[in-house]
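Below: input05.tsv (TSV, C-alpha atoms)
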```
chain	number	residue	atom	x	y	z
A	1	MET	CA	0.00	0.00	0.00
A	2	SER	CA	1.20	3.47	-0.89
A	3	VAL	CA	0.58	6.70	1.03
A	4	ARG	CA	1.67	10.30	0.62
A	5	ILE	CA	2.70	12.54	3.48
A	6	GLY	CA	1.36	16.06	3.71
A	7	ILE	CA	1.00	18.84	6.26
A	8	ASN	CA	-1.54	21.40	7.39
A	9	PRO	CA	-0.51	25.08	7.40
A	10	ILE	CA	-1.57	25.34	11.06
A	11	THR	CA	2.06	24.49	11.87
A	12	TRP	CA	2.88	28.05	10.73
A	13	THR	CA	-0.32	30.01	11.23
A	14	ASN	CA	-3.54	29.27	13.12
A	15	ASP	CA	-6.74	30.51	11.47
A	16	ASP	CA	-8.71	30.14	14.73
A	17	LEU	CA	-6.18	32.14	16.72
A	18	PRO	CA	-4.48	34.72	14.46
A	19	SER	CA	-2.00	35.68	17.20
A	20	LEU	CA	-0.32	32.36	16.42
A	21	GLY	CA	1.67	33.00	13.27
A	22	GLY	CA	-0.67	35.64	11.91
A	23	ASP	CA	2.25	37.62	10.53
A	24	THR	CA	3.87	34.62	8.80
A	25	PRO	CA	3.66	35.01	5.00
A	26	LEU	CA	2.09	32.24	2.94
A	27	GLU	CA	5.34	31.99	0.95
A	28	THR	CA	7.21	31.04	4.12
A	29	CYS	CA	4.70	28.34	4.95
A	30	LEU	CA	4.77	26.80	1.47
A	31	SER	CA	8.53	26.99	0.93
A	32	GLU	CA	9.25	25.44	4.33
A	33	ALA	CA	6.64	22.70	3.81
A	34	HIS	CA	8.44	21.70	0.60
A	35	GLN	CA	11.84	22.03	2.28
A	36	ALA	CA	10.73	19.69	5.06
A	37	GLY	CA	9.89	17.01	2.50
A	38	TYR	CA	6.10	17.13	2.19
A	39	ALA	CA	4.33	16.22	-1.03
A	40	GLY	CA	1.24	18.29	-0.34
A	41	ILE	CA	-0.52	20.71	1.97
A	42	GLU	CA	-4.07	21.35	3.12
A	43	MET	CA	-5.89	24.63	2.57
A	44	GLY	CA	-5.44	27.55	4.95
A	45	GLY	CA	-6.96	30.98	5.42
A	46	LYS	CA	-4.11	32.77	3.64
A	47	PHE	CA	-4.42	30.69	0.47
A	48	PRO	CA	-5.86	32.26	-2.71
A	49	ARG	CA	-9.56	31.48	-3.18
A	50	GLU	CA	-9.37	31.64	-7.00
A	51	ALA	CA	-8.60	28.30	-8.62
A	52	ASN	CA	-5.86	29.33	-11.05
A	53	ALA	CA	-4.11	31.57	-8.53
A	54	LEU	CA	-4.12	28.72	-6.03
A	55	LYS	CA	-2.72	26.29	-8.61
A	56	ALA	CA	0.05	28.72	-9.48
A	57	VAL	CA	1.26	29.35	-5.93
A	58	LEU	CA	1.23	25.64	-5.07
A	59	ALA	CA	3.03	24.69	-8.29
A	60	LYS	CA	5.72	27.25	-7.51
A	61	HIS	CA	6.49	25.33	-4.33
A	62	HIS	CA	5.98	21.82	-5.81
A	63	LEU	CA	3.08	21.01	-3.52
A	64	ALA	CA	-0.24	19.29	-4.21
A	65	LEU	CA	-3.43	20.57	-2.58
A	66	ILE	CA	-4.62	17.75	-0.35
A	67	SER	CA	-7.96	19.06	0.90
A	68	GLY	CA	-9.47	21.94	2.84
A	69	TRP	CA	-11.51	22.45	5.99
A	70	TYR	CA	-15.19	23.35	5.70
A	71	SER	CA	-17.23	24.49	8.71
A	72	GLY	CA	-20.48	22.68	8.04
A	73	ARG	CA	-23.90	23.12	9.62
A	74	ALA	CA	-25.63	19.91	8.61
A	75	TYR	CA	-27.14	19.37	12.07
A	76	LYS	CA	-28.80	22.80	12.10
A	77	ASN	CA	-29.42	23.28	8.39
A	78	ALA	CA	-32.91	22.39	7.24
A	79	ASP	CA	-31.84	19.88	4.63
A	80	ALA	CA	-28.90	18.40	2.75
A	81	LYS	CA	-29.67	20.36	-0.41
A	82	LYS	CA	-29.24	23.71	1.36
A	83	GLU	CA	-26.05	22.54	3.07
A	84	PHE	CA	-24.61	21.34	-0.23
A	85	GLU	CA	-25.41	24.61	-1.99
A	86	GLU	CA	-23.66	26.58	0.75
A	87	ALA	CA	-20.57	24.35	0.50
A	88	LEU	CA	-20.46	24.34	-3.30
A	89	PRO	CA	-18.02	27.27	-3.85
A	90	HIS	CA	-15.53	25.57	-1.54
A	91	LEU	CA	-16.04	22.22	-3.24
A	92	GLU	CA	-15.51	23.83	-6.65
A	93	LEU	CA	-12.19	25.28	-5.53
A	94	LEU	CA	-11.03	21.93	-4.18
A	95	LYS	CA	-12.14	20.04	-7.28
A	96	ALA	CA	-10.36	22.48	-9.60
A	97	ASN	CA	-7.18	21.77	-7.68
A	98	GLY	CA	-7.45	17.99	-7.84
A	99	CYS	CA	-8.73	17.22	-4.34
A	100	GLN	CA	-10.63	13.98	-3.79
A	101	TYR	CA	-11.98	14.90	-0.34
A	102	VAL	CA	-13.27	17.85	1.64
A	103	VAL	CA	-12.49	18.05	5.36
A	104	TYR	CA	-16.03	18.44	6.67
A	105	ALA	CA	-16.64	19.30	10.34
A	106	ASP	CA	-20.12	19.96	11.67
A	107	THR	CA	-19.73	23.12	13.74
A	108	SER	CA	-23.47	23.60	14.39
A	109	GLY	CA	-24.03	25.50	17.60
A	110	GLY	CA	-20.37	25.52	18.54
A	111	ASP	CA	-17.97	28.22	19.62
A	112	HIS	CA	-14.97	26.89	17.72
A	113	GLY	CA	-13.00	30.11	18.04
A	114	GLY	CA	-13.89	30.83	21.66
A	115	ILE	CA	-10.56	31.00	23.41
A	116	ASP	CA	-12.03	30.66	26.91
A	117	THR	CA	-14.92	28.28	26.24
A	118	PRO	CA	-14.44	25.20	28.50
A	119	ILE	CA	-14.33	21.87	26.70
A	120	SER	CA	-17.50	20.81	28.56
A	121	LYS	CA	-19.49	23.71	27.09
A	122	ARG	CA	-20.02	22.33	23.65
A	123	PRO	CA	-23.12	21.31	21.69
A	124	LYS	CA	-24.42	17.79	22.18
A	125	MET	CA	-26.90	15.87	20.12
A	126	PRO	CA	-29.88	14.19	21.80
A	127	ASP	CA	-30.03	10.44	21.20
A	128	ALA	CA	-33.32	10.86	19.36
A	129	ASP	CA	-31.66	13.02	16.68
A	130	TRP	CA	-28.95	10.64	15.51
A	131	LYS	CA	-31.07	8.66	13.04
A	132	ASP	CA	-32.35	11.70	11.15
A	133	TYR	CA	-28.95	13.35	11.35
A	134	GLY	CA	-27.32	10.29	9.82
A	135	LYS	CA	-29.84	10.26	6.99
A	136	LYS	CA	-29.24	13.96	6.26
A	137	LEU	CA	-25.46	13.57	6.45
A	138	THR	CA	-25.56	10.58	4.10
A	139	GLU	CA	-27.63	12.53	1.58
A	140	LEU	CA	-25.15	15.41	1.77
A	141	ALA	CA	-22.19	13.06	1.31
A	142	GLU	CA	-23.86	11.45	-1.69
A	143	LYS	CA	-24.36	14.88	-3.28
A	144	MET	CA	-20.69	15.67	-2.68
A	145	ALA	CA	-19.62	12.36	-4.21
A	146	ASP	CA	-21.81	12.97	-7.27
A	147	PHE	CA	-20.11	16.36	-7.64
A	148	GLY	CA	-16.68	14.77	-7.45
A	149	VAL	CA	-15.35	15.69	-4.00
A	150	ARG	CA	-16.13	13.13	-1.30
A	151	MET	CA	-16.79	13.84	2.36
A	152	ALA	CA	-14.09	13.18	4.96
A	153	PHE	CA	-16.01	13.80	8.19
A	154	HIS	CA	-13.80	15.33	10.88
A	155	HIS	CA	-14.64	14.44	14.48
A	156	HIS	CA	-13.44	17.49	16.39
A	157	MET	CA	-13.31	18.93	19.90
A	158	GLY	CA	-16.13	21.38	20.55
A	159	THR	CA	-18.55	19.86	18.02
A	160	VAL	CA	-21.55	17.52	18.06
A	161	VAL	CA	-19.29	14.66	16.94
A	162	GLU	CA	-16.41	14.89	19.40
A	163	THR	CA	-16.07	11.69	21.42
A	164	ASP	CA	-15.32	8.18	20.22
A	165	ALA	CA	-18.86	7.18	21.20
A	166	GLU	CA	-20.28	9.96	19.03
A	167	VAL	CA	-18.11	8.86	16.12
A	168	ASP	CA	-19.56	5.36	16.60
A	169	LYS	CA	-23.11	6.75	16.52
A	170	MET	CA	-22.39	8.84	13.44
A	171	MET	CA	-20.87	5.86	11.62
A	172	ALA	CA	-23.74	3.55	12.63
A	173	ASN	CA	-26.36	5.98	11.30
A	174	THR	CA	-24.71	6.92	7.99
A	175	GLY	CA	-24.13	5.16	4.71
A	176	PRO	CA	-20.82	4.41	2.98
A	177	ALA	CA	-20.74	7.80	1.22
A	178	VAL	CA	-19.77	9.33	4.58
A	179	GLY	CA	-16.04	8.75	4.87
A	180	LEU	CA	-14.29	9.29	8.19
A	181	LEU	CA	-11.38	11.60	8.78
A	182	PHE	CA	-9.47	9.95	11.62
A	183	ASP	CA	-7.71	12.34	14.00
A	184	SER	CA	-5.67	10.72	16.75
A	185	GLY	CA	-5.26	13.98	18.69
A	186	HIS	CA	-8.95	14.79	18.89
A	187	SER	CA	-9.77	11.23	19.93
A	188	ALA	CA	-7.21	11.38	22.73
A	189	PHE	CA	-8.24	14.87	23.90
A	190	SER	CA	-11.90	13.86	24.03
A	191	GLY	CA	-11.01	11.06	26.44
A	192	GLY	CA	-11.07	8.32	23.83
A	193	ASP	CA	-8.81	5.50	22.67
A	194	PRO	CA	-7.34	6.29	19.22
A	195	ILE	CA	-6.19	2.72	18.61
A	196	ALA	CA	-9.59	1.21	19.41
A	197	LEU	CA	-11.33	3.88	17.32
A	198	ALA	CA	-9.06	3.14	14.37
A	199	LYS	CA	-9.76	-0.58	14.63
A	200	ARG	CA	-13.53	-0.08	14.70
A	201	HIS	CA	-13.72	2.18	11.66
A	202	ALA	CA	-10.59	1.58	9.58
A	203	LYS	CA	-12.55	0.43	6.54
A	204	ARG	CA	-14.36	3.77	6.32
A	205	VAL	CA	-11.38	6.01	7.04
A	206	VAL	CA	-10.61	8.07	3.92
A	207	HIS	CA	-8.28	10.71	5.37
A	208	VAL	CA	-5.88	10.76	8.33
A	209	HIS	CA	-4.73	13.68	10.47
A	210	CYS	CA	-1.62	12.72	12.42
A	211	LYS	CA	-1.71	14.77	15.60
A	212	ASP	CA	0.23	13.68	18.69
A	213	SER	CA	-0.52	14.87	22.22
A	214	ARG	CA	1.47	15.60	25.34
A	215	LYS	CA	-0.12	13.55	28.12
A	216	PRO	CA	0.57	15.82	31.12
A	217	ILE	CA	-1.02	18.81	29.37
A	218	LEU	CA	-3.92	16.71	28.07
A	219	ASP	CA	-4.63	15.28	31.52
A	220	LYS	CA	-4.53	18.76	33.06
A	221	ALA	CA	-6.87	20.15	30.39
A	222	ARG	CA	-9.47	17.47	31.06
A	223	VAL	CA	-9.27	17.80	34.84
A	224	THR	CA	-9.51	21.61	34.79
A	225	ASP	CA	-12.09	21.75	31.95
A	226	ALA	CA	-9.77	24.04	29.99
A	227	SER	CA	-10.71	25.46	26.62
A	228	PHE	CA	-9.52	23.93	23.37
A	229	LEU	CA	-7.52	26.98	22.31
A	230	ARG	CA	-6.01	27.57	25.75
A	231	SER	CA	-4.86	23.96	25.66
A	232	VAL	CA	-3.26	24.56	22.27
A	233	LEU	CA	-1.42	27.55	23.71
A	234	GLU	CA	-0.15	25.37	26.54
A	235	GLY	CA	1.21	22.83	24.05
A	236	ILE	CA	-1.29	19.97	24.19
A	237	PHE	CA	-0.52	18.93	20.62
A	238	THR	CA	2.70	18.08	18.81
A	239	VAL	CA	3.89	16.23	15.72
A	240	PRO	CA	3.82	12.42	15.40
A	241	GLY	CA	6.43	10.67	17.49
A	242	ASP	CA	6.81	13.53	19.97
A	243	GLY	CA	3.98	12.61	22.32
A	244	GLN	CA	1.92	9.75	23.77
A	245	VAL	CA	0.04	8.40	20.71
A	246	ASP	CA	1.07	4.95	19.46
A	247	PHE	CA	1.18	5.82	15.77
A	248	LEU	CA	2.91	2.61	14.73
A	249	THR	CA	0.00	0.49	15.93
A	250	ILE	CA	-2.55	2.86	14.39
A	251	LEU	CA	-0.76	2.91	11.04
A	252	LYS	CA	-0.54	-0.89	11.02
A	253	VAL	CA	-4.33	-0.97	11.49
A	254	PHE	CA	-4.80	1.29	8.47
A	255	HIS	CA	-2.26	-0.64	6.40
A	256	ASP	CA	-4.06	-3.90	7.07
A	257	ALA	CA	-7.38	-2.26	6.16
A	258	GLY	CA	-5.98	-1.20	2.76
A	259	TYR	CA	-5.69	2.54	3.37
A	260	ALA	CA	-4.02	4.32	0.45
A	261	GLY	CA	-4.51	8.05	0.94
A	262	TRP	CA	-2.78	10.96	2.61
A	263	LEU	CA	-1.20	11.03	6.05
A	264	VAL	CA	-1.33	14.66	7.14
A	265	VAL	CA	0.73	16.17	9.95
A	266	GLU	CA	-1.66	18.55	11.71
A	267	ALA	CA	-0.27	19.70	15.03
A	268	GLU	CA	-1.29	23.19	16.08
A	269	GLN	CA	1.26	24.78	18.39
A	270	ASP	CA	2.51	28.26	19.26
A	271	PRO	CA	5.10	28.94	16.54
A	272	ALA	CA	6.98	31.20	18.95
A	273	LYS	CA	7.59	28.14	21.15
A	274	ALA	CA	7.62	25.38	18.51
A	275	HIS	CA	9.73	26.58	15.57
A	276	PRO	CA	7.60	25.65	12.52
A	277	LEU	CA	10.33	24.36	10.19
A	278	THR	CA	11.98	22.37	13.00
A	279	TYR	CA	8.70	20.67	13.91
A	280	ALA	CA	7.68	20.23	10.28
A	281	LYS	CA	10.91	18.34	9.59
A	282	MET	CA	10.52	16.31	12.78
A	283	GLY	CA	6.94	15.41	11.87
A	284	TYR	CA	7.87	14.36	8.34
A	285	GLU	CA	10.85	12.26	9.36
A	286	ASN	CA	9.00	10.56	12.22
A	287	LEU	CA	5.87	9.87	10.18
A	288	LYS	CA	7.79	8.55	7.18
A	289	LYS	CA	9.72	6.17	9.43
A	290	LEU	CA	6.57	5.02	11.22
A	291	ALA	CA	4.62	4.55	7.98
A	292	THR	CA	7.44	2.49	6.50
A	293	GLN	CA	7.62	0.35	9.65
A	294	ALA	CA	3.86	-0.20	9.39
A	295	GLY	CA	4.32	-1.61	5.88
A	296	PHE	CA	3.41	1.38	3.72
A	297	GLN	CA	5.35	2.62	0.74
A	298	VAL	CA	5.72	6.40	0.96
A	299	ALA	CA	5.25	8.04	-2.43
A	300	ALA	CA	6.74	11.38	-3.35
```

Could you spell out this file's structure in structure tokens?
Amino acid sequence: MSVRIGINPITWTNDDLPSLGGDTPLETCLSEAHQAGYAGIEMGGKFPREANALKAVLAKHHLALISGWYSGRAYKNADAKKEFEEALPHLELLKANGCQYVVYADTSGGDHGGIDTPISKRPKMPDADWKDYGKKLTELAEKMADFGVRMAFHHHMGTVVETDAEVDKMMANTGPAVGLLFDSGHSAFSGGDPIALAKRHAKRVVHVHCKDSRKPILDKARVTDASFLRSVLEGIFTVPGDGQVDFLTILKVFHDAGYAGWLVVEAEQDPAKAHPLTYAKMGYENLKKLATQAGFQVAA
């Protein structure tokens, strides 16, 4: 099985918290991503939103566009048709740049950018809503697939699909058009077990965010009910191989399941404390070694 290794620009600049790398030029991010060895990069807030301009700047730095985050509202939106129409400009940009998947997170009712919002104060879905939600999400994913950009659903802190149990419910109530974006860091932060989660849903994982976590900071955040962004500032996340997550076991699970997509380093940190190029290189080298040990071939 072959995989490609990419990175998210959040290593350099954080769109949710502009004080983290807000003054870092896009050119620096792209040139250092290529220098560190990555084959591609995900979309960020500083990227051009016009298809040809985006192609040009990525080509200049020999990087493929992997995907791009979309803040969805499927839970609150009236129907899948409306949600799809709202997402369409983003999907068009991704499709024009060769992306197979959209990183779709359902941020309905959340306060994703609230720097002081405790992790306990997030939207939760009543049990009675999961069946209808799954039907709506499946219809949306089918529309995306028909358009040519499939859904990679991102379970994420502060959203209605945060915990491993909620991922299980979402998977149980949706059809195969809903692909899962697996994120080890968000599973761990939510109190879950990333290895067990990977084993349960490996066959439907279509995209992988490789985010490690520092256990002492994670444990403190959960005990004190800290906010997501405050925890980021304290250094809860880091690149693969620099924290507590057993990536080798997780990657072996995906290898055995036939995964053949992107492995994306996505580890938001304070760039003033975690030098972006240093950590980008560390993440690439560690992840390439781990992927190879797991049995993958790493393509350029």

Once you count only C-alpha atoms, what closest atom pair and distance in Å to one decimal does each residue of region 139-211 of chain A within 10 Å of region 95-99 of chain A have, with rows by chain and rising residue number, as a Markdown table?
```
| residue | atom | partner | partner_atom | distance |
| --- | --- | --- | --- | --- |
| A:Phe147 | CA | A:Lys95 | CA | 8.8 |
| A:Gly148 | CA | A:Lys95 | CA | 7.0 |
| A:Val149 | CA | A:Lys95 | CA | 6.3 |
| A:Arg150 | CA | A:Cys99 | CA | 9.0 |
```

Within 12 Å of His62 (chain A) using all atoms listed in the file, minus same-chain residues under 5 positions, as a PyMOL selection string: chain A and resi 30-35+37-41+55-57+300

Do you have, as CSV, the list of residues of region 220-260 of chain A lying at most 12 Å from region 187-192 of chain A, each with its nearest atom pair and that distance in Å to one decimal, counting all atoms listed in the file and ordered by chain then number?
```
residue,atom,partner,partner_atom,distance
A:Lys220,CA,A:Phe189,CA,10.6
A:Ala221,CA,A:Phe189,CA,8.5
A:Arg222,CA,A:Phe189,CA,7.7
A:Val223,CA,A:Gly191,CA,10.9
A:Asp225,CA,A:Ser190,CA,11.2
A:Ala226,CA,A:Phe189,CA,11.1
A:Ser227,CA,A:Phe189,CA,11.2
A:Phe228,CA,A:Phe189,CA,9.2
A:Ser231,CA,A:Phe189,CA,9.9
A:Val232,CA,A:Phe189,CA,11.0
A:Ile236,CA,A:Phe189,CA,8.6
A:Phe237,CA,A:Phe189,CA,9.3
A:Gly243,CA,A:Ala188,CA,11.3
A:Gln244,CA,A:Ala188,CA,9.3
A:Val245,CA,A:Ala188,CA,8.1
A:Asp246,CA,A:Ala188,CA,11.0
```

Test item: residues at most 10 Å from His255 (chain A), all atoms listed in the file, excluding those fewer than 3 positions along its chain, as a ChimeraX atom specification: /A:1-3,202,249-252,258-260,291,294-296

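Going from CA of Leu233 (chain A) to CA of Glu268 (chain A) covers 8.8 Å.
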
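Put simply, CA of Ala51 (chain A) is 20.5 Å away from CA of Thr28 (chain A).
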
Which distance in Å separates CA of Tyr284 (chain A) and CA of Asp106 (chain A), to one decimal? 28.7 Å

So that I can look at just that part, could you write region 216-296 of chain A with C-alpha atoms, as a JSON list (two decimals), in the first residue's frame?
```
[["chain", "number", "residue", "atom", "x", "y", "z"],
["A", 216, "PRO", "CA", 0.57, 15.82, 31.12],
["A", 217, "ILE", "CA", -1.02, 18.81, 29.37],
["A", 218, "LEU", "CA", -3.92, 16.71, 28.07],
["A", 219, "ASP", "CA", -4.63, 15.28, 31.52],
["A", 220, "LYS", "CA", -4.53, 18.76, 33.06],
["A", 221, "ALA", "CA", -6.87, 20.15, 30.39],
["A", 222, "ARG", "CA", -9.47, 17.47, 31.06],
["A", 223, "VAL", "CA", -9.27, 17.80, 34.84],
["A", 224, "THR", "CA", -9.51, 21.61, 34.79],
["A", 225, "ASP", "CA", -12.09, 21.75, 31.95],
["A", 226, "ALA", "CA", -9.77, 24.04, 29.99],
["A", 227, "SER", "CA", -10.71, 25.46, 26.62],
["A", 228, "PHE", "CA", -9.52, 23.93, 23.37],
["A", 229, "LEU", "CA", -7.52, 26.98, 22.31],
["A", 230, "ARG", "CA", -6.01, 27.57, 25.75],
["A", 231, "SER", "CA", -4.86, 23.96, 25.66],
["A", 232, "VAL", "CA", -3.26, 24.56, 22.27],
["A", 233, "LEU", "CA", -1.42, 27.55, 23.71],
["A", 234, "GLU", "CA", -0.15, 25.37, 26.54],
["A", 235, "GLY", "CA", 1.21, 22.83, 24.05],
["A", 236, "ILE", "CA", -1.29, 19.97, 24.19],
["A", 237, "PHE", "CA", -0.52, 18.93, 20.62],
["A", 238, "THR", "CA", 2.70, 18.08, 18.81],
["A", 239, "VAL", "CA", 3.89, 16.23, 15.72],
["A", 240, "PRO", "CA", 3.82, 12.42, 15.40],
["A", 241, "GLY", "CA", 6.43, 10.67, 17.49],
["A", 242, "ASP", "CA", 6.81, 13.53, 19.97],
["A", 243, "GLY", "CA", 3.98, 12.61, 22.32],
["A", 244, "GLN", "CA", 1.92, 9.75, 23.77],
["A", 245, "VAL", "CA", 0.04, 8.40, 20.71],
["A", 246, "ASP", "CA", 1.07, 4.95, 19.46],
["A", 247, "PHE", "CA", 1.18, 5.82, 15.77],
["A", 248, "LEU", "CA", 2.91, 2.61, 14.73],
["A", 249, "THR", "CA", 0.00, 0.49, 15.93],
["A", 250, "ILE", "CA", -2.55, 2.86, 14.39],
["A", 251, "LEU", "CA", -0.76, 2.91, 11.04],
["A", 252, "LYS", "CA", -0.54, -0.89, 11.02],
["A", 253, "VAL", "CA", -4.33, -0.97, 11.49],
["A", 254, "PHE", "CA", -4.80, 1.29, 8.47],
["A", 255, "HIS", "CA", -2.26, -0.64, 6.40],
["A", 256, "ASP", "CA", -4.06, -3.90, 7.07],
["A", 257, "ALA", "CA", -7.38, -2.26, 6.16],
["A", 258, "GLY", "CA", -5.98, -1.20, 2.76],
["A", 259, "TYR", "CA", -5.69, 2.54, 3.37],
["A", 260, "ALA", "CA", -4.02, 4.32, 0.45],
["A", 261, "GLY", "CA", -4.51, 8.05, 0.94],
["A", 262, "TRP", "CA", -2.78, 10.96, 2.61],
["A", 263, "LEU", "CA", -1.20, 11.03, 6.05],
["A", 264, "VAL", "CA", -1.33, 14.66, 7.14],
["A", 265, "VAL", "CA", 0.73, 16.17, 9.95],
["A", 266, "GLU", "CA", -1.66, 18.55, 11.71],
["A", 267, "ALA", "CA", -0.27, 19.70, 15.03],
["A", 268, "GLU", "CA", -1.29, 23.19, 16.08],
["A", 269, "GLN", "CA", 1.26, 24.78, 18.39],
["A", 270, "ASP", "CA", 2.51, 28.26, 19.26],
["A", 271, "PRO", "CA", 5.10, 28.94, 16.54],
["A", 272, "ALA", "CA", 6.98, 31.20, 18.95],
["A", 273, "LYS", "CA", 7.59, 28.14, 21.15],
["A", 274, "ALA", "CA", 7.62, 25.38, 18.51],
["A", 275, "HIS", "CA", 9.73, 26.58, 15.57],
["A", 276, "PRO", "CA", 7.60, 25.65, 12.52],
["A", 277, "LEU", "CA", 10.33, 24.36, 10.19],
["A", 278, "THR", "CA", 11.98, 22.37, 13.00],
["A", 279, "TYR", "CA", 8.70, 20.67, 13.91],
["A", 280, "ALA", "CA", 7.68, 20.23, 10.28],
["A", 281, "LYS", "CA", 10.91, 18.34, 9.59],
["A", 282, "MET", "CA", 10.52, 16.31, 12.78],
["A", 283, "GLY", "CA", 6.94, 15.41, 11.87],
["A", 284, "TYR", "CA", 7.87, 14.36, 8.34],
["A", 285, "GLU", "CA", 10.85, 12.26, 9.36],
["A", 286, "ASN", "CA", 9.00, 10.56, 12.22],
["A", 287, "LEU", "CA", 5.87, 9.87, 10.18],
["A", 288, "LYS", "CA", 7.79, 8.55, 7.18],
["A", 289, "LYS", "CA", 9.72, 6.17, 9.43],
["A", 290, "LEU", "CA", 6.57, 5.02, 11.22],
["A", 291, "ALA", "CA", 4.62, 4.55, 7.98],
["A", 292, "THR", "CA", 7.44, 2.49, 6.50],
["A", 293, "GLN", "CA", 7.62, 0.35, 9.65],
["A", 294, "ALA", "CA", 3.86, -0.20, 9.39],
["A", 295, "GLY", "CA", 4.32, -1.61, 5.88],
["A", 296, "PHE", "CA", 3.41, 1.38, 3.72]]
```
